[in-house]
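Raw contents of coords02.csv, CSV, C-alpha atoms:
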```csv
chain,number,residue,atom,x,y,z
A,1,GLY,CA,0.3,-5.7,-25.2
A,2,ALA,CA,-3.1,-4.0,-24.6
A,3,GLY,CA,-4.0,-5.8,-21.4
A,4,VAL,CA,-2.5,-7.4,-18.3
A,5,SER,CA,-0.6,-10.5,-19.2
A,6,GLN,CA,0.2,-13.3,-16.7
A,7,SER,CA,2.3,-16.4,-17.3
A,8,PRO,CA,2.2,-19.2,-17.1
A,9,ARG,CA,-1.6,-19.7,-17.4
A,10,TYR,CA,-1.3,-23.1,-15.7
A,11,LYS,CA,1.3,-24.5,-13.4
A,12,VAL,CA,1.5,-27.9,-11.8
A,13,ALA,CA,4.1,-28.1,-9.0
A,14,LYS,CA,5.1,-31.0,-6.8
A,15,ARG,CA,4.8,-30.3,-3.1
A,16,GLY,CA,8.0,-28.6,-1.9
A,17,GLN,CA,8.9,-27.1,-5.3
A,18,ASP,CA,9.5,-23.4,-5.7
A,19,VAL,CA,7.4,-21.5,-8.3
A,20,ALA,CA,7.5,-18.1,-9.9
A,21,LEU,CA,4.5,-16.4,-11.4
A,22,ARG,CA,4.9,-13.4,-13.7
A,23,CYS,CA,2.7,-10.4,-14.3
A,24,ASP,CA,3.1,-7.8,-17.1
A,25,PRO,CA,0.8,-4.9,-16.3
A,26,ILE,CA,-0.5,-2.4,-18.7
A,27,SER,CA,2.3,0.0,-19.7
A,28,GLY,CA,2.3,3.1,-17.6
A,29,HIS,CA,0.1,1.7,-14.8
A,30,VAL,CA,1.5,2.7,-11.4
A,31,SER,CA,-0.4,0.3,-9.2
A,32,LEU,CA,-0.1,-3.4,-9.3
A,33,PHE,CA,-2.0,-5.9,-7.1
A,34,TRP,CA,-1.7,-9.7,-6.6
A,35,TYR,CA,-4.8,-11.6,-5.4
A,36,GLN,CA,-5.3,-15.3,-4.5
A,37,GLN,CA,-8.6,-17.0,-5.5
A,38,ALA,CA,-9.4,-20.4,-4.1
A,39,LEU,CA,-11.9,-22.6,-5.9
A,40,GLY,CA,-15.4,-21.2,-5.5
A,41,GLN,CA,-14.3,-18.2,-3.5
A,42,GLY,CA,-13.8,-14.5,-4.2
A,43,PRO,CA,-10.3,-13.2,-4.7
A,44,GLU,CA,-8.3,-12.2,-1.6
A,45,PHE,CA,-5.7,-9.6,-1.4
A,46,LEU,CA,-2.0,-10.6,-1.3
A,47,THR,CA,0.1,-7.5,-1.9
A,48,TYR,CA,0.2,-4.1,-3.6
A,49,PHE,CA,2.9,-2.2,-5.4
A,50,GLN,CA,3.0,1.5,-6.3
A,51,ASN,CA,5.8,1.6,-8.9
A,52,GLU,CA,8.6,-0.5,-7.5
A,53,ALA,CA,7.6,0.1,-3.9
A,54,GLN,CA,5.7,-2.7,-2.1
A,55,LEU,CA,3.3,-0.6,0.0
A,56,ASP,CA,1.3,-3.4,1.5
A,57,LYS,CA,2.1,-7.1,1.9
A,58,SER,CA,-0.3,-7.8,4.7
A,59,GLY,CA,-2.2,-10.4,2.7
A,60,LEU,CA,0.8,-12.7,2.0
A,61,PRO,CA,-0.2,-15.9,3.9
A,62,SER,CA,3.3,-16.9,5.0
A,63,ASP,CA,7.0,-16.1,4.6
A,64,ARG,CA,7.1,-18.6,1.8
A,65,PHE,CA,5.4,-16.0,-0.4
A,66,PHE,CA,7.5,-13.2,-1.8
A,67,ALA,CA,6.7,-10.6,-4.5
A,68,GLU,CA,8.8,-8.1,-6.3
A,69,ARG,CA,8.5,-5.4,-8.9
A,70,PRO,CA,12.1,-4.2,-9.2
A,71,GLU,CA,11.7,-1.7,-12.1
A,72,GLY,CA,8.2,-0.7,-11.5
A,73,SER,CA,6.7,-2.6,-14.4
A,74,VAL,CA,6.8,-6.5,-14.5
A,75,SER,CA,6.1,-8.2,-11.2
A,76,THR,CA,6.9,-11.7,-10.0
A,77,LEU,CA,5.2,-13.6,-7.2
A,78,LYS,CA,7.4,-16.4,-5.8
A,79,ILE,CA,6.2,-19.2,-3.7
A,80,GLN,CA,8.8,-21.3,-2.0
A,81,ARG,CA,8.3,-24.9,-0.8
A,82,THR,CA,4.8,-25.0,-2.2
A,83,GLN,CA,2.1,-26.8,-0.2
A,84,GLN,CA,-1.2,-28.2,-1.3
A,85,GLU,CA,-3.1,-25.3,0.3
A,86,ASP,CA,-1.3,-23.0,-2.1
A,87,SER,CA,-3.4,-24.4,-5.0
A,88,ALA,CA,-5.4,-21.5,-6.3
A,89,VAL,CA,-5.7,-19.0,-9.1
A,90,TYR,CA,-3.3,-16.1,-8.7
A,91,LEU,CA,-4.6,-12.9,-10.2
A,92,CYS,CA,-2.7,-9.8,-11.1
A,93,ALA,CA,-4.4,-6.4,-11.6
A,94,SER,CA,-3.1,-3.0,-12.5
A,95,SER,CA,-4.5,0.4,-12.4
A,96,LEU,CA,-3.3,3.8,-13.6
A,97,ARG,CA,-3.2,5.1,-10.0
A,98,ALA,CA,-4.7,3.6,-6.9
A,99,PRO,CA,-7.8,1.3,-7.2
A,100,ASN,CA,-10.1,4.3,-7.2
A,101,THR,CA,-9.4,4.2,-10.9
A,102,GLU,CA,-10.5,1.2,-13.0
A,103,ALA,CA,-8.7,-2.0,-12.3
A,104,PHE,CA,-7.6,-4.3,-15.2
A,105,PHE,CA,-7.1,-7.9,-14.4
A,106,GLY,CA,-5.0,-10.6,-16.0
A,107,GLN,CA,-6.3,-14.0,-16.9
A,108,GLY,CA,-4.7,-15.5,-13.8
A,109,THR,CA,-2.3,-18.4,-13.2
A,110,ARG,CA,-3.9,-21.6,-12.0
A,111,LEU,CA,-1.5,-23.3,-9.6
A,112,THR,CA,-2.0,-26.9,-8.7
A,113,VAL,CA,0.3,-28.4,-6.1
A,114,VAL,CA,0.3,-32.2,-6.1
B,115,LYS,CA,-18.8,-12.1,8.9
B,116,ASN,CA,-17.3,-11.0,5.6
B,117,GLU,CA,-16.9,-7.3,5.0
B,118,VAL,CA,-18.6,-7.7,1.6
B,119,GLU,CA,-21.7,-9.9,1.3
B,120,GLN,CA,-23.4,-10.7,-2.0
B,121,SER,CA,-26.8,-12.2,-2.6
B,122,PRO,CA,-27.9,-14.5,-4.0
B,123,GLN,CA,-24.9,-16.9,-4.2
B,124,ASN,CA,-26.4,-18.6,-7.2
B,125,LEU,CA,-29.1,-17.5,-9.6
B,126,THR,CA,-30.6,-19.3,-12.5
B,127,ALA,CA,-33.1,-17.5,-14.7
B,128,GLN,CA,-34.6,-17.8,-18.2
B,129,GLU,CA,-33.5,-15.7,-21.1
B,130,GLY,CA,-35.1,-12.3,-21.1
B,131,GLU,CA,-35.6,-12.0,-17.3
B,132,PHE,CA,-34.6,-9.0,-15.3
B,133,ILE,CA,-31.7,-9.9,-13.0
B,134,THR,CA,-30.7,-8.2,-9.7
B,135,ILE,CA,-27.6,-9.0,-7.7
B,136,ASN,CA,-27.1,-7.3,-4.4
B,137,CYS,CA,-24.0,-6.3,-2.5
B,138,SER,CA,-23.8,-5.1,1.1
B,139,TYR,CA,-20.6,-4.0,2.9
B,140,SER,CA,-19.8,-3.1,6.4
B,141,VAL,CA,-16.7,-0.9,6.1
B,142,GLY,CA,-16.0,2.7,4.9
B,143,ILE,CA,-15.1,2.7,1.3
B,144,SER,CA,-14.0,5.1,-1.4
B,145,ALA,CA,-15.5,3.3,-4.3
B,146,LEU,CA,-17.1,0.0,-5.3
B,147,HIS,CA,-16.5,-2.2,-8.4
B,148,TRP,CA,-18.7,-4.7,-10.1
B,149,LEU,CA,-16.7,-7.3,-11.9
B,150,GLN,CA,-17.5,-10.2,-14.2
B,151,GLN,CA,-15.6,-13.5,-14.2
B,152,HIS,CA,-16.0,-16.1,-16.9
B,153,PRO,CA,-14.9,-19.7,-16.6
B,154,GLY,CA,-11.1,-19.8,-17.1
B,155,GLY,CA,-10.6,-17.0,-14.6
B,156,GLY,CA,-10.5,-13.8,-16.6
B,157,ILE,CA,-12.0,-10.9,-14.7
B,158,VAL,CA,-13.5,-7.9,-16.5
B,159,SER,CA,-14.4,-4.6,-14.8
B,160,LEU,CA,-18.0,-3.6,-15.5
B,161,PHE,CA,-18.4,-0.6,-13.3
B,162,MET,CA,-16.7,1.5,-10.7
B,163,LEU,CA,-19.1,3.6,-8.5
B,164,SER,CA,-18.7,6.0,-5.7
B,165,SER,CA,-22.3,7.4,-5.8
B,166,GLY,CA,-25.5,7.2,-7.7
B,167,LYS,CA,-26.1,5.1,-10.7
B,168,LYS,CA,-24.3,4.0,-13.9
B,169,LYS,CA,-25.6,2.4,-17.0
B,170,HIS,CA,-23.8,0.5,-19.8
B,171,GLY,CA,-25.9,-1.2,-22.4
B,172,ARG,CA,-28.2,-3.7,-20.6
B,173,LEU,CA,-26.3,-3.3,-17.3
B,174,ILE,CA,-27.2,-0.9,-14.6
B,175,ALA,CA,-25.3,-0.4,-11.3
B,176,THR,CA,-26.5,1.6,-8.3
B,177,ILE,CA,-25.0,2.4,-5.0
B,178,ASN,CA,-26.4,3.8,-1.8
B,179,ILE,CA,-23.6,5.0,0.4
B,180,GLN,CA,-25.7,5.7,3.5
B,181,GLU,CA,-27.1,2.2,3.4
B,182,LYS,CA,-23.8,0.6,2.4
B,183,HIS,CA,-25.5,-1.2,-0.4
B,184,SER,CA,-25.1,-1.7,-4.2
B,185,SER,CA,-27.1,-3.5,-6.8
B,186,LEU,CA,-26.2,-4.8,-10.3
B,187,HIS,CA,-29.2,-5.1,-12.7
B,188,ILE,CA,-29.2,-6.9,-16.0
B,189,THR,CA,-32.1,-6.2,-18.4
B,190,ALA,CA,-33.3,-8.6,-21.1
B,191,SER,CA,-30.8,-11.3,-19.8
B,192,HIS,CA,-29.1,-13.5,-22.4
B,193,PRO,CA,-27.2,-16.8,-22.0
B,194,ARG,CA,-24.0,-15.0,-22.8
B,195,ASP,CA,-24.5,-13.1,-19.5
B,196,SER,CA,-23.8,-16.4,-17.6
B,197,ALA,CA,-20.8,-15.8,-15.4
B,198,VAL,CA,-19.8,-15.0,-11.9
B,199,TYR,CA,-20.4,-11.4,-10.8
B,200,ILE,CA,-18.3,-10.1,-8.1
B,201,CYS,CA,-18.7,-7.0,-6.0
B,202,ALA,CA,-15.4,-5.4,-4.6
B,203,VAL,CA,-15.0,-2.4,-2.4
B,204,VAL,CA,-12.0,-0.1,-2.3
B,205,LYS,CA,-10.7,-0.1,1.3
B,206,ALA,CA,-7.3,1.4,2.2
B,207,GLN,CA,-6.0,1.3,-1.4
B,208,LYS,CA,-6.9,-2.3,-2.0
B,209,LEU,CA,-9.9,-4.3,-3.2
B,210,VAL,CA,-12.0,-6.4,-0.8
B,211,PHE,CA,-14.1,-8.9,-2.7
B,212,GLY,CA,-17.4,-10.5,-2.1
B,213,GLN,CA,-17.8,-14.2,-2.7
B,214,GLY,CA,-19.4,-13.7,-6.1
B,215,THR,CA,-22.8,-14.6,-7.5
B,216,ARG,CA,-22.9,-17.4,-10.1
B,217,LEU,CA,-25.5,-16.4,-12.7
B,218,THR,CA,-26.9,-18.9,-15.2
B,219,ILE,CA,-29.2,-17.8,-17.9
B,220,ASN,CA,-31.0,-20.6,-19.7
B,221,PRO,CA,-32.2,-20.2,-23.3
```
Before anything else, please render the file you have as C-alpha coordinates.
Amino acid sequence: GAGVSQSPRYKVAKRGQDVALRCDPISGHVSLFWYQQALGQGPEFLTYFQNEAQLDKSGLPSDRFFAERPEGSVSTLKIQRTQQEDSAVYLCASSLRAPNTEAFFGQGTRLTVV
Amino acid sequence: KNEVEQSPQNLTAQEGEFITINCSYSVGISALHWLQQHPGGGIVSLFMLSSGKKKHGRLIATINIQEKHSSLHITASHPRDSAVYICAVVKAQKLVFGQGTRLTINP
(Lines of atoms letter the chains of each structure in order from A and count residues from 1; the text may use other names and numbers.)
(Lines give C-alpha, C1' and ligand atoms only; values in the text may rest on other atoms or scores of the structure.)
Protein backbone atom coordinates (compact mmCIF):
# COMPACT_ATOMS: atom_id res chain seq x y z
CA GLY A 1 0.00 0.00 0.00
CA ALA A 2 0.96 3.63 -0.37
CA GLY A 3 0.76 4.61 3.29
CA VAL A 4 1.26 3.29 6.79
CA SER A 5 -1.42 0.75 7.61
CA GLN A 6 -2.50 -0.21 11.11
CA SER A 7 -4.84 -2.96 12.19
CA PRO A 8 -7.24 -3.33 13.75
CA ARG A 9 -8.65 0.21 13.62
CA TYR A 10 -10.67 -0.45 16.78
CA LYS A 11 -10.18 -2.98 19.52
CA VAL A 12 -12.26 -3.56 22.62
CA ALA A 13 -10.58 -5.77 25.19
CA LYS A 14 -11.70 -7.03 28.56
CA ARG A 15 -9.42 -6.12 31.43
CA GLY A 16 -6.71 -8.76 31.71
CA GLN A 17 -6.85 -9.78 28.06
CA ASP A 18 -3.75 -9.71 25.84
CA VAL A 19 -3.88 -7.65 22.64
CA ALA A 20 -1.66 -7.36 19.56
CA LEU A 21 -1.62 -4.29 17.35
CA ARG A 22 -0.10 -4.42 13.90
CA CYS A 23 1.71 -1.78 11.85
CA ASP A 24 2.67 -2.08 8.19
CA PRO A 25 5.06 0.78 7.41
CA ILE A 26 5.74 2.24 4.01
CA SER A 27 7.93 -0.16 2.06
CA GLY A 28 11.59 0.71 2.39
CA HIS A 29 11.19 2.91 5.46
CA VAL A 30 13.96 2.17 7.89
CA SER A 31 12.56 3.91 10.97
CA LEU A 32 9.36 2.89 12.74
CA PHE A 33 7.85 4.48 15.82
CA TRP A 34 5.00 3.64 18.15
CA TYR A 35 3.17 6.39 20.02
CA GLN A 36 0.35 6.35 22.57
CA GLN A 37 -2.29 9.08 22.50
CA ALA A 38 -4.68 9.42 25.41
CA LEU A 39 -7.97 11.23 24.82
CA GLY A 40 -7.43 14.97 24.44
CA GLN A 41 -3.66 14.70 24.71
CA GLY A 42 -0.77 14.82 22.28
CA PRO A 43 0.90 11.55 21.32
CA GLU A 44 3.66 10.22 23.56
CA PHE A 45 6.62 8.17 22.45
CA LEU A 46 6.64 4.46 23.22
CA THR A 47 9.40 2.85 21.17
CA TYR A 48 11.57 3.19 18.07
CA PHE A 49 12.98 0.68 15.59
CA GLN A 50 15.66 1.11 13.00
CA ASN A 51 15.17 -1.86 10.71
CA GLU A 52 14.73 -4.82 13.07
CA ALA A 53 16.69 -3.26 15.92
CA GLN A 54 14.73 -1.72 18.76
CA LEU A 55 16.93 1.27 19.53
CA ASP A 56 14.80 2.95 22.15
CA LYS A 57 12.04 1.50 24.31
CA SER A 58 12.21 4.08 27.04
CA GLY A 59 8.60 5.14 26.56
CA LEU A 60 7.01 1.75 27.17
CA PRO A 61 4.97 2.32 30.35
CA SER A 62 5.44 -1.11 31.89
CA ASP A 63 6.79 -4.58 31.22
CA ARG A 64 3.30 -5.51 30.01
CA PHE A 65 4.15 -3.66 26.79
CA PHE A 66 6.32 -5.37 24.20
CA ALA A 67 7.11 -4.45 20.60
CA GLU A 68 8.89 -6.29 17.85
CA ARG A 69 9.84 -5.87 14.22
CA PRO A 70 11.55 -9.16 13.45
CA GLU A 71 12.19 -8.71 9.73
CA GLY A 72 12.57 -4.96 9.68
CA SER A 73 9.19 -4.27 8.10
CA VAL A 74 5.92 -5.13 9.89
CA SER A 75 5.84 -4.34 13.59
CA THR A 76 3.60 -5.62 16.36
CA LEU A 77 2.89 -3.90 19.66
CA LYS A 78 1.69 -6.36 22.26
CA ILE A 79 0.04 -5.45 25.52
CA GLN A 80 -0.36 -8.18 28.09
CA ARG A 81 -2.97 -8.24 30.83
CA THR A 82 -4.56 -5.02 29.63
CA GLN A 83 -5.67 -2.43 32.19
CA GLN A 84 -8.18 0.38 31.82
CA GLU A 85 -5.39 2.96 31.76
CA ASP A 86 -4.12 1.32 28.56
CA SER A 87 -7.17 2.70 26.72
CA ALA A 88 -5.80 5.09 24.08
CA VAL A 89 -5.10 5.46 20.40
CA TYR A 90 -1.89 3.70 19.42
CA LEU A 91 -0.19 5.39 16.49
CA CYS A 92 2.52 3.99 14.28
CA ALA A 93 4.76 6.18 12.12
CA SER A 94 7.51 5.40 9.68
CA SER A 95 10.18 7.47 8.01
CA LEU A 96 12.78 6.81 5.40
CA ARG A 97 15.57 7.34 7.87
CA ALA A 98 15.43 9.00 11.31
CA PRO A 99 12.66 11.52 12.03
CA ASN A 100 14.75 14.32 10.56
CA THR A 101 13.02 13.12 7.44
CA GLU A 102 9.28 13.36 7.01
CA ALA A 103 7.24 11.07 9.23
CA PHE A 104 4.20 9.25 7.86
CA PHE A 105 1.53 8.19 10.32
CA GLY A 106 -1.01 5.41 10.26
CA GLN A 107 -4.66 5.93 11.16
CA GLY A 108 -4.06 4.49 14.59
CA THR A 109 -5.68 1.70 16.58
CA ARG A 110 -8.20 2.85 19.19
CA LEU A 111 -7.97 0.46 22.13
CA THR A 112 -10.72 0.46 24.72
CA VAL A 113 -10.26 -1.72 27.77
CA VAL A 114 -13.50 -2.48 29.61
CA LYS B 1 6.40 21.85 32.45
CA ASN B 2 6.06 20.17 29.04
CA GLU B 3 9.05 20.34 26.75
CA VAL B 4 6.75 21.50 23.93
CA GLU B 5 4.03 24.04 24.64
CA GLN B 6 1.39 25.14 22.16
CA SER B 7 -0.96 28.09 22.29
CA PRO B 8 -3.81 28.52 22.15
CA GLN B 9 -5.23 25.14 23.19
CA ASN B 10 -8.50 25.93 21.44
CA LEU B 11 -9.22 28.43 18.72
CA THR B 12 -12.52 29.25 17.05
CA ALA B 13 -12.64 31.66 14.13
CA GLN B 14 -14.82 32.68 11.22
CA GLU B 15 -14.19 31.56 7.68
CA GLY B 16 -11.66 33.81 5.98
CA GLU B 17 -9.77 34.81 9.11
CA PHE B 18 -5.98 34.66 9.40
CA ILE B 19 -4.99 32.00 11.93
CA THR B 20 -1.81 31.76 14.00
CA ILE B 21 -0.85 28.83 16.20
CA ASN B 22 2.28 29.06 18.33
CA CYS B 23 4.75 26.47 19.55
CA SER B 24 7.54 26.98 22.08
CA TYR B 25 10.03 24.35 23.12
CA SER B 26 12.63 24.13 25.83
CA VAL B 27 15.06 21.52 24.49
CA GLY B 28 17.69 21.36 21.79
CA ILE B 29 16.19 20.02 18.62
CA SER B 30 17.30 19.03 15.14
CA ALA B 31 13.97 19.70 13.44
CA LEU B 32 10.35 20.60 14.11
CA HIS B 33 7.21 19.15 12.56
CA TRP B 34 3.76 20.61 12.19
CA LEU B 35 1.09 17.92 11.97
CA GLN B 36 -2.66 17.93 11.35
CA GLN B 37 -4.98 15.46 13.02
CA HIS B 38 -8.61 15.02 11.97
CA PRO B 39 -11.30 13.27 14.01
CA GLY B 40 -10.73 9.55 13.71
CA GLY B 41 -7.06 9.83 14.56
CA GLY B 42 -5.22 10.07 11.25
CA ILE B 43 -2.20 12.37 11.37
CA VAL B 44 -0.84 14.14 8.32
CA SER B 45 2.54 15.82 8.20
CA LEU B 46 2.24 19.45 7.07
CA PHE B 47 5.78 20.73 7.43
CA MET B 48 9.19 19.76 8.68
CA LEU B 49 11.43 22.72 9.53
CA SER B 50 14.94 23.20 10.78
CA SER B 51 15.24 26.91 9.96
CA GLY B 52 13.48 29.81 8.33
CA LYS B 53 10.09 29.57 6.71
CA LYS B 54 8.11 27.19 4.51
CA LYS B 55 4.90 27.76 2.56
CA HIS B 56 2.44 25.31 1.09
CA GLY B 57 -0.75 26.70 -0.34
CA ARG B 58 -2.51 28.66 2.40
CA LEU B 59 -0.24 27.31 5.11
CA ILE B 60 2.95 29.00 6.29
CA ALA B 61 5.31 27.73 8.97
CA THR B 62 8.17 29.67 10.52
CA ILE B 63 10.80 28.77 13.07
CA ASN B 64 13.19 30.86 15.14
CA ILE B 65 15.87 28.53 16.49
CA GLN B 66 17.42 31.15 18.79
CA GLU B 67 14.09 31.90 20.44
CA LYS B 68 12.98 28.23 20.38
CA HIS B 69 9.69 29.20 18.81
CA SER B 70 7.67 28.24 15.76
CA SER B 71 4.40 29.46 14.31
CA LEU B 72 1.88 27.94 11.93
CA HIS B 73 -0.24 30.40 9.95
CA ILE B 74 -3.33 29.70 7.88
CA THR B 75 -4.48 32.38 5.45
CA ALA B 76 -8.08 32.65 4.24
CA SER B 77 -9.20 29.94 6.67
CA HIS B 78 -11.94 27.53 5.62
CA PRO B 79 -14.19 25.15 7.59
CA ARG B 80 -12.25 22.20 6.14
CA ASP B 81 -9.19 23.50 8.04
CA SER B 82 -10.95 22.49 11.27
CA ALA B 83 -8.71 19.94 12.94
CA VAL B 84 -6.16 19.55 15.73
CA TYR B 85 -2.76 20.98 14.84
CA ILE B 86 0.21 19.47 16.61
CA CYS B 87 3.75 20.72 16.93
CA ALA B 88 6.41 18.04 17.42
CA VAL B 89 10.15 18.46 17.87
CA VAL B 90 12.84 15.97 16.98
CA LYS B 91 14.87 15.19 20.07
CA ALA B 92 17.30 12.28 20.21
CA GLN B 93 15.85 10.49 17.19
CA LYS B 94 12.24 10.66 18.39
CA LEU B 95 9.34 13.09 18.25
CA VAL B 96 8.22 14.97 21.34
CA PHE B 97 4.72 16.32 20.83
CA GLY B 98 2.84 19.35 22.04
CA GLN B 99 -0.67 18.96 23.37
CA GLY B 100 -2.22 20.18 20.16
CA THR B 101 -4.40 23.15 19.21
CA ARG B 102 -8.01 22.41 18.35
CA LEU B 103 -9.03 24.75 15.53
CA THR B 104 -12.65 25.26 14.55
CA ILE B 105 -13.51 27.43 11.56
CA ASN B 106 -17.16 28.41 11.35
CA PRO B 107 -18.78 29.22 8.00
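Considering all atoms listed in the file, the residue among B:Ile200, B:Ile179, B:Phe132, B:Ile157 positioned nearest to Gly212 (chain B) is B:Ile200.
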Residue list for chain B near chain A as a list in words, 6 Å, all atoms listed in the file: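 Interface list for chain B against chain A: Gly155, Gly156, Ile157, Phe211, Gly212, Gln213 and Gly214 of chain B.
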Selection near region 21-24 of chain A, 8 Å with all atoms listed in the file, sequence-local residues under 2 positions removed, as a ChimeraX atom specification: /A:4-8,19,26,73-78,92,106,109
Close residues, Ala202 (chain B) itself excluded, 9 Å, all atoms listed in the file, min 4 positions apart in chain, as a ChimeraX atom specification: /B:118,137,145-149,209-212
Separation of CA of Val113 (chain A) from CA of Gly154 (chain B), in Å and rounded to one decimal: 18.0 Å
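Of note, CA of Gly16 (chain A) and CA of Ala38 (chain A) are spaced 19.4 Å apart.
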Kindly list the centre and edge lengths in Å, rounded to one decimal, for the axis-aligned box that covers all listed atoms of region 137-151 of chain B plus 6 Å on each of its six sides, as JSON.
```
{"center_x": -19.0, "center_y": -4.2, "center_z": -3.9, "size_x": 22.0, "size_y": 30.6, "size_z": 32.6}
```
Top pick for closest residue to Arg194 (chain B), considering B:Gly142, B:Pro122, B:Pro221, B:Gly171 and counting only C-alpha atoms: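 Closest to Arg194 (chain B), using only C-alpha atoms: B:Pro221.
Coordinates place CA of Ala88 (chain A) at a distance of 27.2 Å from CA of Ile143 (chain B).
Of the residues listed (B:Thr218, B:Ser164, B:Asn124, B:Ser138), B:Ser138 shows the shortest atom-to-atom separation from His183 (chain B); distances use only C-alpha atoms.
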Among listed residues B:Lys205, B:His192, B:Arg172, B:His187, nearest Glu129 (chain B) (using all atoms listed in the file):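 With all atoms listed in the file as the atom set, the closest residue is B:His192.
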Would you kindly place all heavy atoms on region 48-59 of chain A and return the model as a tab-separated table (two decimals), in the coordinates of the input?
```tsv
chain	number	residue	atom	x	y	z
A	48	TYR	N	0.44	-5.29	-2.75
A	48	TYR	CA	0.20	-4.10	-3.60
A	48	TYR	C	1.50	-3.35	-3.79
A	48	TYR	O	2.25	-3.12	-2.83
A	48	TYR	CB	-0.84	-3.23	-2.88
A	48	TYR	CG	-0.92	-1.78	-3.31
A	48	TYR	CD1	-1.04	-1.43	-4.64
A	48	TYR	CD2	-0.92	-0.76	-2.35
A	48	TYR	CE1	-1.14	-0.11	-5.03
A	48	TYR	CE2	-1.02	0.57	-2.73
A	48	TYR	CZ	-1.13	0.91	-4.06
A	48	TYR	OH	-1.23	2.22	-4.44
A	49	PHE	N	1.75	-2.98	-5.03
A	49	PHE	CA	2.90	-2.20	-5.40
A	49	PHE	C	2.43	-0.83	-5.97
A	49	PHE	O	1.47	-0.78	-6.74
A	49	PHE	CB	3.75	-2.86	-6.48
A	49	PHE	CG	4.50	-4.06	-5.98
A	49	PHE	CD1	3.89	-5.31	-5.98
A	49	PHE	CD2	5.80	-3.96	-5.55
A	49	PHE	CE1	4.57	-6.43	-5.55
A	49	PHE	CE2	6.49	-5.08	-5.11
A	49	PHE	CZ	5.88	-6.31	-5.11
A	50	GLN	N	3.15	0.19	-5.62
A	50	GLN	CA	3.00	1.50	-6.30
A	50	GLN	C	4.41	1.72	-6.94
A	50	GLN	O	5.38	1.96	-6.21
A	50	GLN	CB	2.61	2.58	-5.39
A	50	GLN	CG	2.31	3.88	-6.11
A	50	GLN	CD	1.63	4.90	-5.21
A	50	GLN	OE1	0.64	4.58	-4.55
A	50	GLN	NE2	2.15	6.10	-5.18
A	51	ASN	N	4.47	1.67	-8.24
A	51	ASN	CA	5.80	1.60	-8.90
A	51	ASN	C	6.56	0.44	-8.39
A	51	ASN	O	6.05	-0.66	-8.33
A	51	ASN	CB	6.48	2.95	-8.84
A	51	ASN	CG	5.72	4.06	-9.54
A	51	ASN	OD1	5.36	3.91	-10.72
A	51	ASN	ND2	5.45	5.15	-8.85
A	52	GLU	N	7.79	0.67	-7.96
A	52	GLU	CA	8.60	-0.50	-7.50
A	52	GLU	C	8.43	-0.69	-5.97
A	52	GLU	O	8.95	-1.67	-5.44
A	52	GLU	CB	10.07	-0.24	-7.82
A	52	GLU	CG	10.75	0.88	-7.06
A	52	GLU	CD	10.48	2.25	-7.65
A	52	GLU	OE1	9.69	2.34	-8.62
A	52	GLU	OE2	11.05	3.23	-7.12
A	53	ALA	N	7.72	0.19	-5.32
A	53	ALA	CA	7.60	0.10	-3.90
A	53	ALA	C	6.43	-0.82	-3.48
A	53	ALA	O	5.30	-0.64	-3.93
A	53	ALA	CB	7.36	1.49	-3.29
A	54	GLN	N	6.75	-1.78	-2.64
A	54	GLN	CA	5.70	-2.70	-2.10
A	54	GLN	C	5.09	-2.00	-0.89
A	54	GLN	O	5.68	-2.02	0.19
A	54	GLN	CB	6.33	-4.03	-1.76
A	54	GLN	CG	5.29	-5.10	-1.45
A	54	GLN	CD	5.93	-6.47	-1.23
A	54	GLN	OE1	7.12	-6.58	-0.95
A	54	GLN	NE2	5.14	-7.53	-1.37
A	55	LEU	N	3.91	-1.42	-1.08
A	55	LEU	CA	3.30	-0.60	0.00
A	55	LEU	C	2.52	-1.44	0.98
A	55	LEU	O	2.29	-0.99	2.10
A	55	LEU	CB	2.42	0.47	-0.62
A	55	LEU	CG	3.10	1.50	-1.52
A	55	LEU	CD1	2.14	2.61	-1.88
A	55	LEU	CD2	4.35	2.06	-0.86
A	56	ASP	N	2.08	-2.61	0.58
A	56	ASP	CA	1.30	-3.40	1.50
A	56	ASP	C	1.47	-4.87	1.12
A	56	ASP	O	1.25	-5.27	-0.01
A	56	ASP	CB	-0.22	-3.02	1.30
A	56	ASP	CG	-1.14	-3.64	2.34
A	56	ASP	OD1	-0.79	-4.68	2.93
A	56	ASP	OD2	-2.25	-3.10	2.54
A	57	LYS	N	1.95	-5.63	2.08
A	57	LYS	CA	2.10	-7.10	1.90
A	57	LYS	C	1.38	-7.85	2.96
A	57	LYS	O	1.70	-9.00	3.25
A	57	LYS	CB	3.55	-7.49	1.76
A	57	LYS	CG	4.42	-7.08	2.93
A	57	LYS	CD	5.87	-7.53	2.68
A	57	LYS	CE	6.76	-7.15	3.84
A	57	LYS	NZ	8.16	-7.60	3.63
A	58	SER	N	0.38	-7.21	3.52
A	58	SER	CA	-0.30	-7.80	4.70
A	58	SER	C	-1.09	-9.06	4.33
A	58	SER	O	-1.41	-9.84	5.22
A	58	SER	CB	-1.27	-6.76	5.27
A	58	SER	OG	-2.25	-6.37	4.33
A	59	GLY	N	-1.40	-9.27	3.04
A	59	GLY	CA	-2.20	-10.40	2.70
A	59	GLY	C	-1.35	-11.67	2.35
A	59	GLY	O	-1.92	-12.76	2.16
```
